[in-house]
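S.K.: The structure's right below; bear with me while I get my questions together.
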Amino acid sequence: MSPTLHAQTPTERMAVAFARVLRGAGLRVPLGSVLTFVDALGRLEMHDRDHVYWAGRATLVRNPEDIPLYDRSFEVFWLAASAADDAAPDEPLHITLAIDDDSDEGDDEQGSSEASDDPQITLRFSAMEVLRHKDFASYSDDELITAQQLMTRLRFIGPPRRSLRHHRSRRGRRPDLQATMRSALRTGGEPIRRQWKQPGEKLRRLVLLVDVSGSMEPYARALLRFVHAAVSGRQRVEAFAIGTRLTRVTRELNSRDPDKALTQAGNRVLDWSGGTRLGDCIRRFNDQWGVRGMARGAIVVVLSDGWDRGDPEVLGTEMERLHRVAYHVIWVNPLKVTPGYAPLARGMAAALPHVDHFVEGHSMAAMEELARVIAMESTRG
Amino acid sequence: MAISPATPADVYEALSAYGYIPDEGLATSVFLAMTLQRPLLLEGEAGVGKTEVAKVLSRWTGGELIRLQCYEGIDVSQAVYDWDYSRQLLHLRASEATGESLGLTANKLEDQLYHERFLLKRALLQAIDHNNELPPVLLIDEVDRADDEFEAYLLEVLSEYAVTVPELGRFSALKTPLVILTSNRTRDVHDALKRRCLYHWVEHPDFEREVRIVRMRVPQALERLARQVAGAVETLRTLNLYKPPGVAETIDWAQALTALGVTELDERTVTATLGTVLKYREDQERTQQHGIADLVKQAFERGFQHS
């Protein structure tokens, strides 16, 4: 549904056209914002390019991530520059090719420029990740459909924490003046019965970090179903996909319809089945979201096999940081069940000391176990 | 009379005159917030000076600054209004003791109790039920810390500029307050609230602007020191720290250095005062690894450019 605006003045026509360009670029521009934009333009110098730029920034953009898109669209729209030139503006970057072999794990990305015998290649930044859009909503496997149905039944209770809000209670220890007053009115102003209150309880936030790299491919789809069940099943859940970069998928997974939700999430995650840079992603999560508040006092669940192309030391430090602010950290590893498996992946080994629960994640039963572990935390609170 | 700027440049000049040097984007956003009478949502890293914008706006416009600090679990009784229950109880006892309550019906008694004089007005109601000639500046600080339900309530208040107290009726604003919301982005503010507001993402200032800010806020600091401090902070921000220093830290640092009588950065004073800029042990270690001597050298070089 796209509401139509009967654009009258040149300003209105221009604003509507620009909004259309922004929408085409992937920005969400509601009609209300366009009207505010028109309003804002009316108060400014229309021929001053900067004024128009900032009026649009203030009224049409609502997330810092959208600023580059806005900038590019603005350039395109106002300077009529060719979109094609802007599509790949990234500068070439030297990177070390990650080889699927344990022997090169010792090199970290920063140190690689000195090591001359490393296979080096110059690439454009955007090609560094394996950018593959995958339509993971179209499942062919019957088992996955069954699993999905089972997963929607999972309920996440999760442990409560003390909230600031009080509610009435007979056993509370603080006098409830409001309730005392109300009951005193009933007895002609005599506060005969004193009322009490106590702090309420609130669900802790649940944060899910799902590894969507190549090595996790067989499990990632199923795990994302699990995450979807978690996100739509209760409030206060945040979900992120981790791979070569960190992508927040909470909003995409919020839709009730699992197929739609997963398609949306799939559109959002650009590094589906690329490599893994666990340490960097967890670091980015800590910097941008976690340590700032999202992970504080929350239950953080990492769903990953622990194979990390980056420096295991980074992963160790970042997991430690995460563990310091989170209430509990749970690591779900689908490989844990493999006979003879020991957490030999170096990333996994580095992360383990900072994990409260290490559980398996290969099957439906394991998922149920995970839901149980999350709920169980409440009794230990 | 309420101030109404004619162009973003007016806002820029006024804010600068009152001790805040904005960039062009912020000046335009504030201008639009004032002329369109819309709330302005400022997002950005901690310490880039979001809260300061509201304070300086209050100084400039002369409107009273009313601050609502948000936190998890904040509700109507802390943000909008509450009844003063202890005084109500006292009043009940008193009217009973004097025998006054005997002649009153229960309804009359209740009317007495739920009178405006027992109403505790919290920030939001204060901003709306405001009788001064100048519209107040309402600062809703760290809105990302409040819960979703509170945000929904806030949206209602900010669209109507009115509050209903069931026992008394509706309060609506005679003069629209100038509303500044800030968020550190620990979680996303709901889209509906964002749509109601104008939006500006506050960045760290560029070098020259930061030098001017330091000069303005720490007038005792010499130009040379201000340039070096700004230069060093600029380098620190590139070191991939957990908490890159904000303008607030730059000012703190410059103040600390001036208090110590330092006129020029050197390795020893930087090491001694690094704690005023970097608040994490890991960040200090990383800076040590980068090399304090290098940091000072880069700061000197930066300090000499364009000067």
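Chain lettering (A, B, ...) mirrors the order of the structure tokens, residue numbering begins at 1 for each chain separately, and ligand numbering begins at 1 in order of display.
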Could you list, as a PyMOL selection string, the residues of chain A having an atom within 9 Å of chain B when counting only C-alpha atoms?
M.R.: chain A and resi 30+32-33+36+39-40+43-45+50-51+53-55+57-64+163-165+177-178+180-181+184-186+188-191+283+286-294
S.K.: Would you output that residue set with N, CA and C atoms, as a tab-separated table (two decimals), in the first residue's frame?
M.R.:
```
chain	number	residue	atom	x	y	z
A	30	PRO	N	7.90	7.13	5.70
A	30	PRO	CA	6.46	7.26	5.79
A	30	PRO	C	5.99	8.62	5.28
A	32	GLY	N	4.03	10.77	6.52
A	32	GLY	CA	4.10	11.82	7.53
A	32	GLY	C	5.44	12.54	7.52
A	33	SER	N	6.52	11.77	7.35
A	33	SER	CA	7.85	12.38	7.33
A	33	SER	C	8.02	13.27	6.11
A	36	THR	N	6.46	16.52	6.83
A	36	THR	CA	7.31	17.33	7.70
A	36	THR	C	8.47	17.92	6.90
A	39	ASP	N	7.31	20.81	5.03
A	39	ASP	CA	7.14	21.88	6.00
A	39	ASP	C	8.49	22.52	6.34
A	40	ALA	N	9.47	21.66	6.55
A	40	ALA	CA	10.81	22.14	6.90
A	40	ALA	C	11.41	22.95	5.76
A	43	ARG	N	10.59	26.55	5.50
A	43	ARG	CA	11.19	27.51	6.44
A	43	ARG	C	12.63	27.81	6.10
A	44	LEU	N	13.17	27.17	5.07
A	44	LEU	CA	14.59	27.29	4.80
A	44	LEU	C	14.83	27.84	3.40
A	45	GLU	N	16.07	28.11	3.14
A	45	GLU	CA	16.47	28.56	1.81
A	45	GLU	C	16.52	27.36	0.88
A	50	ASP	N	22.96	22.84	1.32
A	50	ASP	CA	23.16	22.34	2.68
A	50	ASP	C	21.87	22.37	3.49
A	51	HIS	N	21.11	23.43	3.31
A	51	HIS	CA	19.84	23.53	4.02
A	51	HIS	C	18.94	22.36	3.67
A	53	TYR	N	19.82	19.53	2.43
A	53	TYR	CA	20.43	18.30	2.93
A	53	TYR	C	20.05	18.06	4.39
A	54	TRP	N	20.24	19.10	5.23
A	54	TRP	CA	20.01	18.91	6.67
A	54	TRP	C	18.52	18.83	6.99
A	55	ALA	N	17.70	19.52	6.20
A	55	ALA	CA	16.26	19.39	6.43
A	55	ALA	C	15.84	17.94	6.20
A	57	ARG	N	17.85	15.29	6.38
A	57	ARG	CA	18.45	14.46	7.44
A	57	ARG	C	17.61	14.48	8.70
A	58	ALA	N	17.10	15.67	9.05
A	58	ALA	CA	16.35	15.79	10.31
A	58	ALA	C	14.97	15.17	10.22
A	59	THR	N	14.40	15.14	9.02
A	59	THR	CA	13.01	14.70	8.95
A	59	THR	C	12.84	13.31	8.34
A	60	LEU	N	13.76	12.89	7.48
A	60	LEU	CA	13.54	11.63	6.76
A	60	LEU	C	14.39	10.48	7.28
A	61	VAL	N	15.46	10.77	8.01
A	61	VAL	CA	16.37	9.73	8.49
A	61	VAL	C	16.14	9.54	9.98
A	62	ARG	N	16.09	8.29	10.40
A	62	ARG	CA	15.88	8.05	11.83
A	62	ARG	C	16.88	7.07	12.42
A	63	ASN	N	17.81	6.58	11.63
A	63	ASN	CA	18.85	5.69	12.15
A	63	ASN	C	20.19	6.10	11.56
A	64	PRO	N	21.23	6.10	12.39
A	64	PRO	CA	22.54	6.46	11.85
A	64	PRO	C	23.00	5.52	10.74
A	163	SER	N	12.09	-5.28	39.60
A	163	SER	CA	11.79	-4.06	38.86
A	163	SER	C	11.60	-2.92	39.84
A	164	LEU	N	11.62	-1.71	39.31
A	164	LEU	CA	11.47	-0.54	40.18
A	164	LEU	C	10.03	-0.31	40.57
A	165	ARG	N	9.13	-0.88	39.78
A	165	ARG	CA	7.72	-0.66	40.08
A	165	ARG	C	7.28	-1.55	41.23
A	177	LEU	N	1.23	3.93	50.72
A	177	LEU	CA	0.44	5.07	51.17
A	177	LEU	C	-0.77	5.31	50.29
A	178	GLN	N	-0.59	5.09	49.01
A	178	GLN	CA	-1.70	5.33	48.10
A	178	GLN	C	-2.89	4.45	48.46
A	180	THR	N	-3.39	2.84	51.27
A	180	THR	CA	-3.84	3.14	52.63
A	180	THR	C	-4.81	4.31	52.61
A	181	MET	N	-4.44	5.33	51.81
A	181	MET	CA	-5.29	6.51	51.69
A	181	MET	C	-6.67	6.13	51.16
A	184	ALA	N	-8.64	4.37	53.65
A	184	ALA	CA	-9.00	5.25	54.77
A	184	ALA	C	-10.26	6.05	54.43
A	185	LEU	N	-10.39	6.41	53.15
A	185	LEU	CA	-11.58	7.16	52.73
A	185	LEU	C	-12.84	6.35	52.99
A	186	ARG	N	-12.72	5.05	52.84
A	186	ARG	CA	-13.87	4.18	53.01
A	186	ARG	C	-14.28	4.10	54.49
A	188	GLY	N	-14.19	6.57	56.65
A	188	GLY	CA	-14.38	7.91	57.17
A	188	GLY	C	-13.09	8.61	57.55
A	189	GLY	N	-12.03	8.31	56.81
A	189	GLY	CA	-10.78	9.02	57.03
A	189	GLY	C	-9.90	8.37	58.07
A	190	GLU	N	-10.31	7.24	58.61
A	190	GLU	CA	-9.48	6.58	59.62
A	190	GLU	C	-8.66	5.48	58.96
A	191	PRO	N	-7.35	5.63	58.92
A	191	PRO	CA	-6.55	4.59	58.28
A	191	PRO	C	-6.46	3.33	59.15
A	283	ARG	N	32.88	-8.15	19.43
A	283	ARG	CA	33.39	-6.84	19.80
A	283	ARG	C	32.44	-5.74	19.33
A	286	ASN	N	29.48	-5.72	21.48
A	286	ASN	CA	29.77	-5.10	22.78
A	286	ASN	C	29.82	-3.58	22.67
A	287	ASP	N	30.52	-3.11	21.64
A	287	ASP	CA	30.72	-1.67	21.48
A	287	ASP	C	29.41	-0.95	21.19
A	288	GLN	N	28.66	-1.50	20.21
A	288	GLN	CA	27.51	-0.74	19.73
A	288	GLN	C	26.25	-0.98	20.55
A	289	TRP	N	26.13	-2.15	21.11
A	289	TRP	CA	24.88	-2.47	21.80
A	289	TRP	C	25.09	-2.98	23.22
A	290	GLY	N	25.85	-4.07	23.31
A	290	GLY	CA	25.87	-4.85	24.54
A	290	GLY	C	26.30	-4.10	25.77
A	291	VAL	N	27.55	-3.62	25.78
A	291	VAL	CA	28.09	-3.01	26.99
A	291	VAL	C	27.36	-1.70	27.29
A	292	ARG	N	26.85	-1.04	26.25
A	292	ARG	CA	26.12	0.20	26.47
A	292	ARG	C	24.83	-0.02	27.24
A	293	GLY	N	24.32	-1.24	27.24
A	293	GLY	CA	23.09	-1.43	28.00
A	293	GLY	C	22.31	-2.68	27.63
A	294	MET	N	22.37	-3.06	26.35
A	294	MET	CA	21.50	-4.15	25.95
A	294	MET	C	21.82	-5.45	26.68
```
S.K.: Please identify all polymer residues within 7 Å of Gly231 in chain B, counting only C-alpha atoms, omitting same-chain residues fewer than 2 positions from it, and present them as a PyMOL selection string.
M.R.: chain B and resi 207+227-229+233-235+299+302-303
S.K.: For the residues selected in the previous step, produce a file with N, CA and C atoms as an mmCIF file, in the first residue's frame.
M.R.:
```cif
data_model
loop_
_atom_site.group_PDB
_atom_site.id
_atom_site.type_symbol
_atom_site.label_atom_id
_atom_site.label_comp_id
_atom_site.auth_asym_id
_atom_site.auth_seq_id
_atom_site.Cartn_x
_atom_site.Cartn_y
_atom_site.Cartn_z
ATOM 1 N N PHE B 207 38.358 18.585 14.248
ATOM 2 C CA PHE B 207 39.469 19.140 15.017
ATOM 3 C C PHE B 207 39.291 20.618 15.361
ATOM 4 N N ARG B 227 45.070 23.063 21.219
ATOM 5 C CA ARG B 227 45.276 22.385 19.935
ATOM 6 C C ARG B 227 45.905 21.010 20.139
ATOM 7 N N GLN B 228 46.854 20.960 21.091
ATOM 8 C CA GLN B 228 47.507 19.672 21.323
ATOM 9 C C GLN B 228 46.549 18.662 21.937
ATOM 10 N N VAL B 229 45.744 19.123 22.881
ATOM 11 C CA VAL B 229 44.777 18.219 23.517
ATOM 12 C C VAL B 229 43.789 17.704 22.476
ATOM 13 N N VAL B 233 43.351 13.821 21.371
ATOM 14 C CA VAL B 233 42.054 13.137 21.453
ATOM 15 C C VAL B 233 41.657 12.588 20.079
ATOM 16 N N GLU B 234 41.945 13.376 19.051
ATOM 17 C CA GLU B 234 41.637 12.917 17.702
ATOM 18 C C GLU B 234 42.365 11.602 17.411
ATOM 19 N N THR B 235 43.640 11.524 17.809
ATOM 20 C CA THR B 235 44.395 10.285 17.616
ATOM 21 C C THR B 235 43.787 9.156 18.443
ATOM 22 N N ALA B 299 50.206 14.761 18.424
ATOM 23 C CA ALA B 299 49.452 15.905 18.937
ATOM 24 C C ALA B 299 50.164 17.210 18.610
ATOM 25 N N ARG B 302 49.730 17.925 14.881
ATOM 26 C CA ARG B 302 48.370 18.377 14.615
ATOM 27 C C ARG B 302 48.187 19.806 15.111
ATOM 28 N N GLY B 303 48.784 20.057 16.262
ATOM 29 C CA GLY B 303 48.666 21.376 16.867
ATOM 30 C C GLY B 303 49.231 22.482 15.992
#
```
S.K.: Considering only C-alpha atoms, can you say which of A:Val52, A:Val16, A:Leu208, A:Ile67 comes closest to Leu31 in chain A?
M.R.: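 Of A:Val52, A:Val16, A:Leu208, A:Ile67, the one nearest Leu31 in chain A is A:Val16, counting only C-alpha atoms.
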S.K.: From a backbone DSSP assignment, name each residue in range 23-103 of chain B labelled alpha helix (DSSP H), as a ChimeraX atom specification.
M.R.: /B:24-36,50-61,76-79,85-97
S.K.: Write a file of the just-selected residues containing N, CA and C atoms, as a CSV table (one decimal), in the first residue's frame.
M.R.:
```csv
chain,number,residue,atom,x,y,z
B,24,GLU,N,26.8,22.5,11.5
B,24,GLU,CA,25.7,23.0,10.7
B,24,GLU,C,24.4,22.2,10.8
B,25,GLY,N,24.6,20.9,10.9
B,25,GLY,CA,23.5,20.0,10.9
B,25,GLY,C,22.7,20.2,12.2
B,26,LEU,N,23.4,20.3,13.3
B,26,LEU,CA,22.7,20.5,14.6
B,26,LEU,C,21.9,21.8,14.6
B,27,ALA,N,22.6,22.9,14.1
B,27,ALA,CA,22.0,24.2,14.1
B,27,ALA,C,20.7,24.1,13.3
B,28,THR,N,20.7,23.5,12.1
B,28,THR,CA,19.5,23.4,11.3
B,28,THR,C,18.4,22.6,12.0
B,29,SER,N,18.8,21.5,12.6
B,29,SER,CA,17.8,20.7,13.3
B,29,SER,C,17.2,21.5,14.4
B,30,VAL,N,18.0,22.2,15.2
B,30,VAL,CA,17.4,23.0,16.3
B,30,VAL,C,16.5,24.1,15.7
B,31,PHE,N,17.0,24.7,14.7
B,31,PHE,CA,16.1,25.7,14.0
B,31,PHE,C,14.8,25.2,13.6
B,32,LEU,N,14.8,24.0,13.0
B,32,LEU,CA,13.5,23.4,12.6
B,32,LEU,C,12.7,23.0,13.8
B,33,ALA,N,13.3,22.5,14.8
B,33,ALA,CA,12.6,22.1,16.0
B,33,ALA,C,11.8,23.3,16.6
B,34,MET,N,12.5,24.4,16.5
B,34,MET,CA,11.9,25.7,17.1
B,34,MET,C,10.8,26.2,16.2
B,35,THR,N,11.0,26.2,14.9
B,35,THR,CA,10.0,26.8,14.0
B,35,THR,C,8.9,25.9,13.8
B,36,LEU,N,9.1,24.5,13.7
B,36,LEU,CA,8.0,23.6,13.4
B,36,LEU,C,7.4,23.1,14.7
B,50,LYS,N,25.1,15.9,24.0
B,50,LYS,CA,23.6,15.9,23.7
B,50,LYS,C,22.8,16.7,24.7
B,51,THR,N,23.1,16.3,26.0
B,51,THR,CA,22.4,17.0,27.1
B,51,THR,C,22.7,18.5,27.1
B,52,GLU,N,23.9,18.8,26.8
B,52,GLU,CA,24.3,20.2,26.9
B,52,GLU,C,23.5,21.1,25.9
B,53,VAL,N,23.0,20.5,24.8
B,53,VAL,CA,22.2,21.3,23.9
B,53,VAL,C,21.0,21.9,24.6
B,54,ALA,N,20.3,21.0,25.4
B,54,ALA,CA,19.1,21.5,26.1
B,54,ALA,C,19.4,22.6,27.1
B,55,LYS,N,20.5,22.4,27.8
B,55,LYS,CA,20.9,23.4,28.8
B,55,LYS,C,21.2,24.7,28.1
B,56,VAL,N,21.9,24.7,27.0
B,56,VAL,CA,22.2,26.0,26.4
B,56,VAL,C,21.0,26.6,25.7
B,57,LEU,N,20.1,25.8,25.3
B,57,LEU,CA,18.8,26.3,24.7
B,57,LEU,C,18.1,27.1,25.8
B,58,SER,N,18.1,26.5,27.0
B,58,SER,CA,17.4,27.1,28.1
B,58,SER,C,18.0,28.5,28.4
B,59,ARG,N,19.4,28.5,28.4
B,59,ARG,CA,20.0,29.8,28.7
B,59,ARG,C,19.7,30.8,27.7
B,60,TRP,N,19.7,30.3,26.4
B,60,TRP,CA,19.5,31.3,25.3
B,60,TRP,C,18.0,31.8,25.3
B,61,THR,N,17.1,30.9,25.3
B,61,THR,CA,15.7,31.3,25.2
B,61,THR,C,15.1,31.9,26.5
B,76,VAL,N,4.4,6.7,35.3
B,76,VAL,CA,3.7,7.9,35.3
B,76,VAL,C,3.9,8.7,36.7
B,77,SER,N,3.9,7.9,37.8
B,77,SER,CA,4.0,8.6,39.1
B,77,SER,C,5.4,9.3,39.2
B,78,GLN,N,6.4,8.9,38.5
B,78,GLN,CA,7.7,9.6,38.6
B,78,GLN,C,7.9,10.6,37.5
B,79,ALA,N,7.2,10.4,36.4
B,79,ALA,CA,7.4,11.3,35.2
B,79,ALA,C,6.4,12.4,35.0
B,85,TYR,N,0.6,11.5,49.1
B,85,TYR,CA,-0.3,10.7,50.0
B,85,TYR,C,-0.1,11.0,51.5
B,86,SER,N,1.2,11.3,51.9
B,86,SER,CA,1.4,11.5,53.3
B,86,SER,C,0.6,12.8,53.7
B,87,ARG,N,0.6,13.8,52.9
B,87,ARG,CA,-0.1,15.1,53.2
B,87,ARG,C,-1.6,14.8,53.2
B,88,GLN,N,-2.0,14.0,52.2
B,88,GLN,CA,-3.4,13.7,52.2
B,88,GLN,C,-3.9,13.0,53.5
B,89,LEU,N,-3.1,12.1,54.0
B,89,LEU,CA,-3.4,11.4,55.2
B,89,LEU,C,-3.4,12.4,56.4
B,90,LEU,N,-2.4,13.2,56.4
B,90,LEU,CA,-2.4,14.2,57.5
B,90,LEU,C,-3.6,15.1,57.4
B,91,HIS,N,-4.0,15.5,56.2
B,91,HIS,CA,-5.2,16.3,56.1
B,91,HIS,C,-6.4,15.6,56.6
B,92,LEU,N,-6.5,14.3,56.3
B,92,LEU,CA,-7.6,13.5,56.8
B,92,LEU,C,-7.7,13.6,58.3
B,93,ARG,N,-6.5,13.3,58.9
B,93,ARG,CA,-6.4,13.2,60.4
B,93,ARG,C,-6.8,14.6,61.0
B,94,ALA,N,-6.3,15.6,60.3
B,94,ALA,CA,-6.5,17.0,60.8
B,94,ALA,C,-8.0,17.3,60.8
B,95,SER,N,-8.6,17.0,59.6
B,95,SER,CA,-10.0,17.4,59.5
B,95,SER,C,-10.9,16.6,60.5
B,96,GLU,N,-10.4,15.4,60.8
B,96,GLU,CA,-11.1,14.6,61.8
B,96,GLU,C,-10.9,15.1,63.2
B,97,ALA,N,-9.7,15.5,63.5
B,97,ALA,CA,-9.4,16.0,64.8
B,97,ALA,C,-10.2,17.3,65.1
```
S.K.: Ranking B:Pro244, B:Val157, B:Arg170, B:Ala232 by minimum distance to Ile292 in chain B and counting only C-alpha atoms, which one comes first?
M.R.: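 Distance minimum relative to Ile292 in chain B lands on B:Ala232.
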